[in-house]
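run.pdb follows; it contains PDB, C-alpha atoms, pLDDT in the B column.
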ATOM      1  CA  MET A   1     202.352-360.826   5.958  1.00 83.00           C
ATOM      2  CA  PHE A   2     202.907-362.455   2.563  1.00 93.00           C
ATOM      3  CA  GLU A   3     199.517-361.035   1.546  1.00 94.00           C
ATOM      4  CA  GLN A   4     201.095-357.563   1.527  1.00 94.00           C
ATOM      5  CA  LEU A   5     203.591-358.472  -1.186  1.00 96.00           C
ATOM      6  CA  GLN A   6     203.319-356.633  -4.487  1.00 95.00           C
ATOM      7  CA  VAL A   7     204.844-357.300  -7.893  1.00 96.00           C
ATOM      8  CA  GLU A   8     207.238-354.411  -7.108  1.00 95.00           C
ATOM      9  CA  HIS A   9     208.843-356.484  -4.331  1.00 96.00           C
ATOM     10  CA  SER A  10     210.324-358.799  -6.952  1.00 96.00           C
ATOM     11  CA  LEU A  11     213.831-358.305  -8.297  1.00 96.00           C
ATOM     12  CA  PHE A  12     212.699-360.219 -11.370  1.00 95.00           C
ATOM     13  CA  TYR A  13     210.269-359.309 -14.109  1.00 93.00           C
ATOM     14  CA  ILE A  14     207.099-360.972 -12.914  1.00 94.00           C
ATOM     15  CA  ASP A  15     203.410-360.344 -13.463  1.00 93.00           C
ATOM     16  CA  GLN A  16     200.418-360.631 -11.165  1.00 96.00           C
ATOM     17  CA  ASP A  17     199.937-364.292 -12.157  1.00 95.00           C
ATOM     18  CA  HIS A  18     203.368-365.159 -10.751  1.00 94.00           C
ATOM     19  CA  MET A  19     202.574-363.211  -7.584  1.00 97.00           C
ATOM     20  CA  ASN A  20     199.245-365.019  -7.240  1.00 97.00           C
ATOM     21  CA  ARG A  21     200.959-368.418  -7.659  1.00 96.00           C
ATOM     22  CA  PHE A  22     203.414-367.506  -4.918  1.00 97.00           C
ATOM     23  CA  LYS A  23     200.697-366.229  -2.581  1.00 97.00           C
ATOM     24  CA  ASN A  24     198.633-369.365  -3.197  1.00 97.00           C
ATOM     25  CA  LEU A  25     201.625-371.501  -2.215  1.00 97.00           C
ATOM     26  CA  ALA A  26     202.256-369.371   0.875  1.00 96.00           C
ATOM     27  CA  ALA A  27     198.598-369.714   1.885  1.00 96.00           C
ATOM     28  CA  LYS A  28     198.610-373.454   1.163  1.00 96.00           C
ATOM     29  CA  TRP A  29     201.642-374.062   3.399  1.00 96.00           C
ATOM     30  CA  GLN A  30     200.953-371.386   6.018  1.00 95.00           C
ATOM     31  CA  SER A  31     200.295-373.954   8.740  1.00 94.00           C
ATOM     32  CA  ILE A  32     203.801-375.356   8.225  1.00 93.00           C
ATOM     33  CA  PHE A  33     205.525-372.025   7.526  1.00 93.00           C
ATOM     34  CA  PRO A  34     203.556-369.458   9.542  1.00 87.00           C
ATOM     35  CA  ASP A  35     206.149-366.713   9.427  1.00 85.00           C
ATOM     36  CA  VAL A  36     209.620-365.893   8.208  1.00 90.00           C
ATOM     37  CA  CYS A  37     212.816-365.107  10.068  1.00 83.00           C
ATOM     38  CA  ALA A  38     213.286-361.362   9.840  1.00 82.00           C
ATOM     39  CA  LYS A  39     216.647-360.461  11.351  1.00 86.00           C
ATOM     40  CA  CYS A  40     217.932-358.041   8.690  1.00 84.00           C
ATOM     41  CA  LEU A  41     214.650-356.796   7.257  1.00 85.00           C
ATOM     42  CA  ASN A  42     211.059-356.171   8.278  1.00 88.00           C
ATOM     43  CA  ASN A  43     208.548-359.026   7.918  1.00 90.00           C
ATOM     44  CA  VAL A  44     207.201-357.975   4.524  1.00 92.00           C
ATOM     45  CA  ASP A  45     210.725-357.654   3.103  1.00 92.00           C
ATOM     46  CA  ALA A  46     211.656-361.018   4.633  1.00 93.00           C
ATOM     47  CA  TRP A  47     208.680-362.483   2.741  1.00 96.00           C
ATOM     48  CA  ALA A  48     209.991-360.680  -0.353  1.00 96.00           C
ATOM     49  CA  ASN A  49     213.251-362.612   0.147  1.00 95.00           C
ATOM     50  CA  VAL A  50     211.258-365.847  -0.008  1.00 97.00           C
ATOM     51  CA  LEU A  51     209.425-364.586  -3.103  1.00 97.00           C
ATOM     52  CA  ASN A  52     212.691-363.657  -4.838  1.00 97.00           C
ATOM     53  CA  ASN A  53     214.246-367.005  -3.958  1.00 97.00           C
ATOM     54  CA  TRP A  54     211.189-368.795  -5.342  1.00 97.00           C
ATOM     55  CA  VAL A  55     211.292-366.801  -8.594  1.00 96.00           C
ATOM     56  CA  PHE A  56     215.052-367.420  -8.816  1.00 96.00           C
ATOM     57  CA  LEU A  57     214.464-371.171  -8.469  1.00 95.00           C
ATOM     58  CA  LYS A  58     211.636-371.053 -11.045  1.00 92.00           C
ATOM     59  CA  SER A  59     213.771-369.071 -13.515  1.00 88.00           C
ATOM     60  CA  GLN A  60     215.448-372.285 -14.729  1.00 74.00           C
ATOM     61  CA  GLN A  61     212.172-373.412 -16.269  1.00 68.00           C
ATOM     62  CA  THR A  62     211.275-370.347 -18.318  1.00 67.00           C
ATOM     63  CA  ASP A  63     212.998-367.543 -20.174  1.00 65.00           C
ATOM     64  CA  GLU A  64     210.396-365.016 -19.050  1.00 70.00           C
ATOM     65  CA  LEU A  65     211.633-364.880 -15.444  1.00 78.00           C
ATOM     66  CA  ILE A  66     214.721-362.713 -15.750  1.00 90.00           C
ATOM     67  CA  LEU A  67     216.364-360.384 -13.287  1.00 91.00           C
ATOM     68  CA  ASN A  68     215.310-356.777 -13.760  1.00 92.00           C
ATOM     69  CA  PRO A  69     218.609-355.078 -14.818  1.00 91.00           C
ATOM     70  CA  SER A  70     217.937-351.783 -13.064  1.00 87.00           C
ATOM     71  CA  LYS A  71     217.013-353.540  -9.830  1.00 90.00           C
ATOM     72  CA  ALA A  72     220.083-355.770 -10.208  1.00 89.00           C
ATOM     73  CA  ILE A  73     222.231-352.633 -10.111  1.00 85.00           C
ATOM     74  CA  TYR A  74     220.374-351.018  -7.219  1.00 86.00           C
ATOM     75  CA  TYR A  75     220.088-354.163  -5.123  1.00 91.00           C
ATOM     76  CA  SER A  76     223.686-355.219  -5.586  1.00 91.00           C
ATOM     77  CA  ILE A  77     223.818-357.276  -2.395  1.00 93.00           C
ATOM     78  CA  ASN A  78     220.935-359.416  -3.641  1.00 95.00           C
ATOM     79  CA  THR A  79     222.504-359.781  -7.078  1.00 95.00           C
ATOM     80  CA  PHE A  80     225.776-360.798  -5.452  1.00 96.00           C
ATOM     81  CA  LEU A  81     224.051-363.432  -3.287  1.00 96.00           C
ATOM     82  CA  LEU A  82     222.059-364.782  -6.255  1.00 95.00           C
ATOM     83  CA  ASP A  83     225.315-365.128  -8.199  1.00 94.00           C
ATOM     84  CA  GLU A  84     226.827-367.022  -5.280  1.00 96.00           C
ATOM     85  CA  LEU A  85     223.752-369.279  -5.106  1.00 96.00           C
ATOM     86  CA  ARG A  86     224.146-370.137  -8.806  1.00 93.00           C
ATOM     87  CA  LYS A  87     227.590-371.585  -8.037  1.00 94.00           C
ATOM     88  CA  ILE A  88     226.266-374.117  -5.527  1.00 95.00           C
ATOM     89  CA  GLN A  89     225.492-377.497  -7.061  1.00 95.00           C
ATOM     90  CA  ILE A  90     222.538-378.331  -4.816  1.00 96.00           C
ATOM     91  CA  ILE A  91     220.836-375.109  -5.972  1.00 95.00           C
ATOM     92  CA  GLN A  92     221.175-376.235  -9.580  1.00 93.00           C
ATOM     93  CA  LYS A  93     219.368-379.448  -8.646  1.00 93.00           C
ATOM     94  CA  VAL A  94     216.540-377.505  -6.983  1.00 95.00           C
ATOM     95  CA  LYS A  95     216.257-375.197 -10.003  1.00 92.00           C
ATOM     96  CA  GLU A  96     215.920-378.215 -12.304  1.00 91.00           C
ATOM     97  CA  CYS A  97     213.047-379.549 -10.215  1.00 91.00           C
ATOM     98  CA  GLU A  98     209.663-378.671 -11.678  1.00 88.00           C
ATOM     99  CA  ASN A  99     207.685-378.884  -8.461  1.00 93.00           C
ATOM    100  CA  ASP A 100     206.180-375.605  -7.210  1.00 93.00           C
ATOM    101  CA  ASP A 101     205.591-376.967  -3.715  1.00 96.00           C
ATOM    102  CA  PHE A 102     209.133-378.237  -3.232  1.00 97.00           C
ATOM    103  CA  GLN A 103     210.628-375.059  -4.677  1.00 97.00           C
ATOM    104  CA  TYR A 104     208.478-373.075  -2.242  1.00 97.00           C
ATOM    105  CA  PHE A 105     209.811-375.180   0.656  1.00 98.00           C
ATOM    106  CA  ALA A 106     213.363-374.562  -0.572  1.00 98.00           C
ATOM    107  CA  ALA A 107     212.771-370.819  -1.125  1.00 97.00           C
ATOM    108  CA  PHE A 108     211.330-370.434   2.367  1.00 97.00           C
ATOM    109  CA  HIS A 109     214.251-372.208   4.031  1.00 97.00           C
ATOM    110  CA  LEU A 110     216.778-370.330   1.876  1.00 97.00           C
ATOM    111  CA  GLY A 111     215.160-366.991   2.733  1.00 96.00           C
ATOM    112  CA  ASN A 112     215.378-367.681   6.462  1.00 96.00           C
ATOM    113  CA  ALA A 113     218.847-369.212   6.380  1.00 96.00           C
ATOM    114  CA  ILE A 114     220.426-366.516   4.228  1.00 96.00           C
ATOM    115  CA  ASP A 115     218.825-363.727   6.271  1.00 94.00           C
ATOM    116  CA  LEU A 116     220.241-365.242   9.462  1.00 95.00           C
ATOM    117  CA  TRP A 117     223.649-365.867   7.837  1.00 97.00           C
ATOM    118  CA  VAL A 118     223.873-362.248   6.627  1.00 95.00           C
ATOM    119  CA  TYR A 119     222.841-360.982  10.063  1.00 93.00           C
ATOM    120  CA  ASP A 120     225.359-363.171  11.913  1.00 95.00           C
ATOM    121  CA  THR A 121     228.147-362.323   9.454  1.00 96.00           C
ATOM    122  CA  LEU A 122     227.592-358.566   9.664  1.00 94.00           C
ATOM    123  CA  GLU A 123     227.086-358.664  13.435  1.00 93.00           C
ATOM    124  CA  LYS A 124     230.562-360.200  13.864  1.00 94.00           C
ATOM    125  CA  SER A 125     232.178-357.641  11.557  1.00 93.00           C
ATOM    126  CA  ALA A 126     233.408-354.109  12.009  1.00 91.00           C
ATOM    127  CA  GLU A 127     230.382-353.045   9.928  1.00 87.00           C
ATOM    128  CA  SER A 128     227.768-354.187  12.460  1.00 88.00           C
ATOM    129  CA  ASP A 129     226.215-350.707  12.393  1.00 87.00           C
ATOM    130  CA  LEU A 130     224.599-351.814   9.104  1.00 86.00           C
ATOM    131  CA  LEU A 131     222.166-353.851  11.193  1.00 85.00           C
ATOM    132  CA  LYS A 132     220.675-350.839  12.960  1.00 78.00           C
ATOM    133  CA  PRO A 133     217.075-350.354  11.926  1.00 68.00           C
ATOM    134  CA  GLN A 134     216.705-347.740   9.257  1.00 60.00           C
ATOM    135  CA  ASN A 135     213.643-345.566   9.695  1.00 42.00           C
ATOM    136  CA  ARG A 136     212.814-345.303   6.028  1.00 47.00           C
ATOM    137  CA  ILE A 137     210.681-346.992   3.418  1.00 58.00           C
ATOM    138  CA  PRO A 138     210.841-350.784   3.156  1.00 79.00           C
ATOM    139  CA  TYR A 139     213.929-352.315   1.532  1.00 87.00           C
ATOM    140  CA  TYR A 140     212.401-353.838  -1.599  1.00 90.00           C
ATOM    141  CA  LEU A 141     210.361-350.714  -2.317  1.00 87.00           C
ATOM    142  CA  ALA A 142     213.272-348.323  -1.799  1.00 83.00           C
ATOM    143  CA  PHE A 143     213.706-347.971  -5.572  1.00 83.00           C
ATOM    144  CA  LEU A 144     210.388-346.083  -5.638  1.00 81.00           C
ATOM    145  CA  ASP A 145     211.892-343.234  -3.571  1.00 74.00           C
ATOM    146  CA  ASP A 146     213.040-340.206  -5.601  1.00 65.00           C
ATOM    147  CA  ASP A 147     216.348-339.967  -3.691  1.00 66.00           C
ATOM    148  CA  PHE A 148     217.113-343.619  -4.311  1.00 64.00           C
ATOM    149  CA  GLN A 149     218.554-343.018  -7.772  1.00 65.00           C
ATOM    150  CA  THR A 150     221.425-340.789  -6.605  1.00 66.00           C
ATOM    151  CA  ASP A 151     224.845-342.393  -6.316  1.00 58.00           C
ATOM    152  CA  ASN A 152     225.428-340.784  -2.934  1.00 57.00           C
ATOM    153  CA  ALA A 153     222.364-342.372  -1.390  1.00 73.00           C
ATOM    154  CA  LEU A 154     223.058-344.077   1.924  1.00 80.00           C
ATOM    155  CA  PHE A 155     221.293-347.159   0.559  1.00 81.00           C
ATOM    156  CA  HIS A 156     223.986-347.713  -2.092  1.00 82.00           C
ATOM    157  CA  LYS A 157     226.853-347.019   0.293  1.00 86.00           C
ATOM    158  CA  ASN A 158     225.476-349.548   2.768  1.00 88.00           C
ATOM    159  CA  GLN A 159     225.039-352.151   0.016  1.00 89.00           C
ATOM    160  CA  THR A 160     228.698-351.739  -0.947  1.00 90.00           C
ATOM    161  CA  ARG A 161     229.881-351.988   2.656  1.00 92.00           C
ATOM    162  CA  ALA A 162     227.857-355.156   3.229  1.00 93.00           C
ATOM    163  CA  ILE A 163     229.032-356.819   0.004  1.00 95.00           C
ATOM    164  CA  LYS A 164     232.679-356.283   0.952  1.00 95.00           C
ATOM    165  CA  ILE A 165     232.164-358.128   4.237  1.00 96.00           C
ATOM    166  CA  LEU A 166     230.015-360.916   2.777  1.00 97.00           C
ATOM    167  CA  ALA A 167     232.334-361.475  -0.193  1.00 96.00           C
ATOM    168  CA  GLN A 168     235.356-361.707   2.065  1.00 96.00           C
ATOM    169  CA  VAL A 169     233.647-364.312   4.254  1.00 96.00           C
ATOM    170  CA  ILE A 170     232.377-366.315   1.262  1.00 96.00           C
ATOM    171  CA  ARG A 171     235.848-366.329  -0.321  1.00 95.00           C
ATOM    172  CA  SER A 172     237.678-367.304   2.869  1.00 95.00           C
ATOM    173  CA  GLN A 173     235.210-369.693   4.505  1.00 94.00           C
ATOM    174  CA  ASN A 174     232.755-372.380   3.507  1.00 93.00           C
ATOM    175  CA  CYS A 175     229.943-371.170   5.787  1.00 95.00           C
ATOM    176  CA  PHE A 176     227.671-369.754   3.049  1.00 97.00           C
ATOM    177  CA  ARG A 177     227.731-372.990   1.074  1.00 97.00           C
ATOM    178  CA  ILE A 178     227.065-374.947   4.279  1.00 97.00           C
ATOM    179  CA  THR A 179     224.181-372.597   5.172  1.00 97.00           C
ATOM    180  CA  VAL A 180     222.613-373.037   1.733  1.00 98.00           C
ATOM    181  CA  SER A 181     223.079-376.816   1.680  1.00 97.00           C
ATOM    182  CA  SER A 182     221.602-377.136   5.176  1.00 98.00           C
ATOM    183  CA  ALA A 183     218.592-375.021   4.173  1.00 97.00           C
ATOM    184  CA  VAL A 184     217.919-377.186   1.115  1.00 98.00           C
ATOM    185  CA  ASN A 185     218.334-380.358   3.158  1.00 97.00           C
ATOM    186  CA  ARG A 186     215.800-379.029   5.703  1.00 97.00           C
ATOM    187  CA  ALA A 187     213.431-378.296   2.817  1.00 97.00           C
ATOM    188  CA  VAL A 188     213.844-381.860   1.503  1.00 97.00           C
ATOM    189  CA  ASP A 189     213.203-383.328   4.962  1.00 97.00           C
ATOM    190  CA  MET A 190     210.101-381.190   5.516  1.00 96.00           C
ATOM    191  CA  TYR A 191     208.787-381.887   2.024  1.00 96.00           C
ATOM    192  CA  ASP A 192     209.240-385.617   2.577  1.00 95.00           C
ATOM    193  CA  HIS A 193     207.507-385.385   5.953  1.00 94.00           C
ATOM    194  CA  TYR A 194     204.524-383.231   4.939  1.00 93.00           C
ATOM    195  CA  VAL A 195     204.008-384.080   1.276  1.00 92.00           C
ATOM    196  CA  THR A 196     205.419-387.465   0.337  1.00 86.00           C
ATOM    197  CA  LYS A 197     204.688-389.299   3.610  1.00 71.00           C
TER     198      LYS A 197
END

The structure given in the file should be rewritten as structure tokens.
Amino acid sequence: MFEQLQVEHSLFYIDQDHMNRFKNLAAKWQSIFPDVCAKCLNNVDAWANVLNNWVFLKSQQTDELILNPSKAIYYSINTFLLDELRKIQIIQKVKECENDDFQYFAAFHLGNAIDLWVYDTLEKSAESDLLKPQNRIPYYLAFLDDDFQTDNALFHKNQTRAIKILAQVIRSQNCFRITVSSAVNRAVDMYDHYVTK
């Protein structure tokens, strides 16, 4: 499914070279990471989560990988979660690492873990209806829809509803930080097992 990713799936300004680097890593490690966890999104969008996590982790090393401001506004839940990731010390360590393979391992585990954490958190909330499949265009390509730009769009209302729940849980519990730390630790263990053994 990662083959279907396009530059437009990225929340960051990237070019085709960045996309090709990511796809090469995904192909290289496909035997270890055959598919993503897709609880909240379809498979292509779940791969886009991994892509965006990888670009986020790479953004420490270069000034050219910056968040697209218009997408940051539209995809407020993603922006919120990226801001929360920045606050976690172990993420800073991963961002400082200049190893594409390890950052791919970390991005993959973060994509799966955060998707599952969001799903579990929303499922337990009064806003669990947000998890019902939406029969519309894929999540990361929603900005291409003409109706997407209106403030009354259901997409924006749902983003706001989800952020309220996620922010409340992050502020009152330590589960997001634990989820992220566990995902990075799994990435370290797998990297040690498959690469540095």

Do you have, as JSON lines, the list of residues of segment 66-157 of chain A lying at most 7 Å from segment 165-180 of chain A, each with its nearest atom pair and that distance in Å to one decimal, counting all atoms listed in the file and ordered by chain then number?
{"residue": "A:Ile88", "atom": "CA", "partner": "A:Arg177", "partner_atom": "CA", "distance": 6.9}
{"residue": "A:Leu110", "atom": "CA", "partner": "A:Val180", "partner_atom": "CA", "distance": 6.4}
{"residue": "A:Ala113", "atom": "CA", "partner": "A:Thr179", "partner_atom": "CA", "distance": 6.4}

Requested in this report: Kindly give the distance, in Å, that separates atom CA of Ala46 of chain A and atom CA of Asp115 of chain A, rounded to a single decimal.
Outcome: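 These atoms are spaced 7.8 Å apart.
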
Requested in this report: Spell out the residues picked by the PyMOL selection byres ((chain A and resi 124-133) around 9) here, as number ranges by chain.
Outcome: A: 39-41, 119-123, 134-136, 158, 161-162, 165

Query raised in the report: When distances are computed from all atoms listed in the file, which of A:Arg186, A:His18, A:Lys71, A:Lys58 shows the smallest separation from Val94 of chain A?
Result: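 Answer, going by the shortest atom-to-atom distance: A:Lys58.
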
Report task. Counting only C-alpha atoms, note down every residue that has an atom within 8 Å of the point (202.4, -374.1, -1.2) (file coordinates), as JSON, numbers by chain. Result -> {"A": [22, 24, 25, 26, 27, 28, 29, 30, 100, 101, 104, 105]}

Query raised in the report: For Val55 of chain A, which residue out of A:Ala72, A:Ala187, A:Leu81, A:Met19 is the nearest one, using all atoms listed in the file?
Result: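 Answer, going by the shortest atom-to-atom distance: A:Met19.
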
Report summary line: From atom CA of Leu57 of chain A to atom CA of Phe108 of chain A the spacing works out at 11.3 Å

Report task. Tell me which of A:Asn78, A:Val36, A:Leu141, A:Gly111 sits closest to Gln6 of chain A, counting all atoms listed in the file. Result ->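 Closest candidate: A:Leu141.
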
Requested in this report: Would you translate the PyMOL selection byres ((chain A and resi 43) around 12) into the concrete set of residues it matches in this file, as a list in words?
Outcome: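 After applying the PyMOL selection byres ((chain A and resi 43) around 12), what remains is Met1, Phe2, Glu3, Gln4, Leu5, Pro34, Asp35, Val36, Cys37, Ala38, Lys39, Cys40, Leu41, Asn42, Val44, Asp45, Ala46, Trp47, Ala48, Asn49, Val50, Gly111, Asn112, Asp115, Pro138, Tyr139 and Tyr140 of chain A.
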
**Report entry** Chain and number of each residue from the PyMOL selection byres ((chain A and resi 86) around 12), as a list in words
**Finding:**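 Selection result, ordered by chain and number: Asn53, Phe56, Leu57, Ser59, Gln60, Thr79, Phe80, Leu81, Leu82, Asp83, Glu84, Leu85, Lys87, Ile88, Gln89, Ile90, Ile91, Gln92, Lys93, Val94, Lys95, Arg177 and Val180 of chain A.
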
Query raised in the report: In Å to one decimal, how far is atom CA of Gln103 of chain A from atom CA of Asp189 of chain A?
Result: 13.0 Å

Render segment 1-12 of chain A from the structure in the preceding block as a file of all heavy atoms, as a short mmCIF file (atom, residue, chain, number, x, y, z; two decimals), in the first residue's frame.
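Listing of part.cif after writing:
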data_model
loop_
_atom_site.label_atom_id
_atom_site.label_comp_id
_atom_site.auth_asym_id
_atom_site.auth_seq_id
_atom_site.Cartn_x
_atom_site.Cartn_y
_atom_site.Cartn_z
N MET A 1 0.80 -1.21 0.00
CA MET A 1 0.00 0.00 0.00
C MET A 1 0.84 1.28 0.00
O MET A 1 0.39 2.29 -0.49
CB MET A 1 -0.92 0.03 1.21
CG MET A 1 -2.11 -0.86 1.11
SD MET A 1 -3.22 -0.21 -0.12
CE MET A 1 -4.65 -1.15 0.22
N PHE A 2 2.03 1.21 0.57
CA PHE A 2 2.88 2.41 0.63
C PHE A 2 3.20 2.93 -0.77
O PHE A 2 3.47 4.12 -0.95
CB PHE A 2 4.16 2.18 1.43
CG PHE A 2 5.10 1.18 0.81
CD1 PHE A 2 6.02 1.58 -0.15
CD2 PHE A 2 5.08 -0.15 1.20
CE1 PHE A 2 6.89 0.67 -0.73
CE2 PHE A 2 5.94 -1.06 0.63
CZ PHE A 2 6.85 -0.65 -0.34
N GLU A 3 3.14 2.04 -1.77
CA GLU A 3 3.41 2.45 -3.15
C GLU A 3 2.42 3.49 -3.64
O GLU A 3 2.70 4.25 -4.56
CB GLU A 3 3.38 1.24 -4.10
CG GLU A 3 4.40 0.17 -3.80
CD GLU A 3 3.85 -0.94 -2.90
OE1 GLU A 3 2.76 -0.77 -2.30
OE2 GLU A 3 4.52 -1.97 -2.78
N GLN A 4 1.23 3.51 -3.06
CA GLN A 4 0.17 4.44 -3.49
C GLN A 4 0.34 5.85 -2.91
O GLN A 4 -0.40 6.75 -3.29
CB GLN A 4 -1.20 3.88 -3.10
CG GLN A 4 -1.54 2.60 -3.80
CD GLN A 4 -2.89 2.05 -3.35
OE1 GLN A 4 -3.77 2.80 -2.96
NE2 GLN A 4 -3.03 0.74 -3.39
N LEU A 5 1.28 6.02 -2.01
CA LEU A 5 1.49 7.34 -1.42
C LEU A 5 1.95 8.34 -2.47
O LEU A 5 2.70 8.01 -3.38
CB LEU A 5 2.52 7.28 -0.30
CG LEU A 5 2.09 6.58 0.98
CD1 LEU A 5 3.27 6.49 1.94
CD2 LEU A 5 0.92 7.29 1.63
N GLN A 6 1.48 9.57 -2.30
CA GLN A 6 1.86 10.68 -3.17
C GLN A 6 2.43 11.80 -2.29
O GLN A 6 2.19 11.83 -1.08
CB GLN A 6 0.63 11.22 -3.90
CG GLN A 6 -0.18 10.20 -4.65
CD GLN A 6 -1.54 10.75 -5.03
OE1 GLN A 6 -1.71 11.94 -5.23
NE2 GLN A 6 -2.51 9.86 -5.12
N VAL A 7 3.13 12.72 -2.90
CA VAL A 7 3.67 13.87 -2.18
C VAL A 7 2.54 14.58 -1.43
O VAL A 7 2.73 15.08 -0.32
CB VAL A 7 4.40 14.82 -3.16
CG1 VAL A 7 4.74 16.13 -2.50
CG2 VAL A 7 5.65 14.15 -3.70
N GLU A 8 1.35 14.60 -2.01
CA GLU A 8 0.20 15.29 -1.39
C GLU A 8 -0.23 14.68 -0.06
O GLU A 8 -0.92 15.32 0.72
CB GLU A 8 -1.01 15.30 -2.35
CG GLU A 8 -0.82 16.16 -3.56
CD GLU A 8 0.00 15.49 -4.67
OE1 GLU A 8 0.28 14.28 -4.58
OE2 GLU A 8 0.38 16.20 -5.62
N HIS A 9 0.17 13.45 0.23
CA HIS A 9 -0.16 12.83 1.51
C HIS A 9 0.64 13.43 2.67
O HIS A 9 0.30 13.23 3.83
CB HIS A 9 0.10 11.32 1.47
CG HIS A 9 -0.96 10.56 0.75
ND1 HIS A 9 -0.82 10.13 -0.56
CD2 HIS A 9 -2.17 10.13 1.15
CE1 HIS A 9 -1.90 9.47 -0.92
NE2 HIS A 9 -2.74 9.46 0.10
N SER A 10 1.68 14.15 2.36
CA SER A 10 2.54 14.71 3.40
C SER A 10 1.97 16.01 3.96
O SER A 10 1.49 16.86 3.22
CB SER A 10 3.94 14.97 2.85
OG SER A 10 4.74 15.58 3.85
N LEU A 11 2.07 16.16 5.26
CA LEU A 11 1.70 17.42 5.91
C LEU A 11 2.85 18.42 5.83
O LEU A 11 2.68 19.59 6.16
CB LEU A 11 1.35 17.17 7.38
CG LEU A 11 0.16 16.25 7.63
CD1 LEU A 11 0.00 15.99 9.12
CD2 LEU A 11 -1.10 16.82 7.04
N PHE A 12 3.99 17.96 5.40
CA PHE A 12 5.19 18.78 5.29
C PHE A 12 5.45 19.11 3.83
O PHE A 12 4.97 18.42 2.93
CB PHE A 12 6.40 18.03 5.85
CG PHE A 12 6.31 17.74 7.32
CD1 PHE A 12 5.57 16.67 7.80
CD2 PHE A 12 6.96 18.55 8.23
CE1 PHE A 12 5.49 16.41 9.15
CE2 PHE A 12 6.88 18.30 9.59
CZ PHE A 12 6.14 17.23 10.05
#
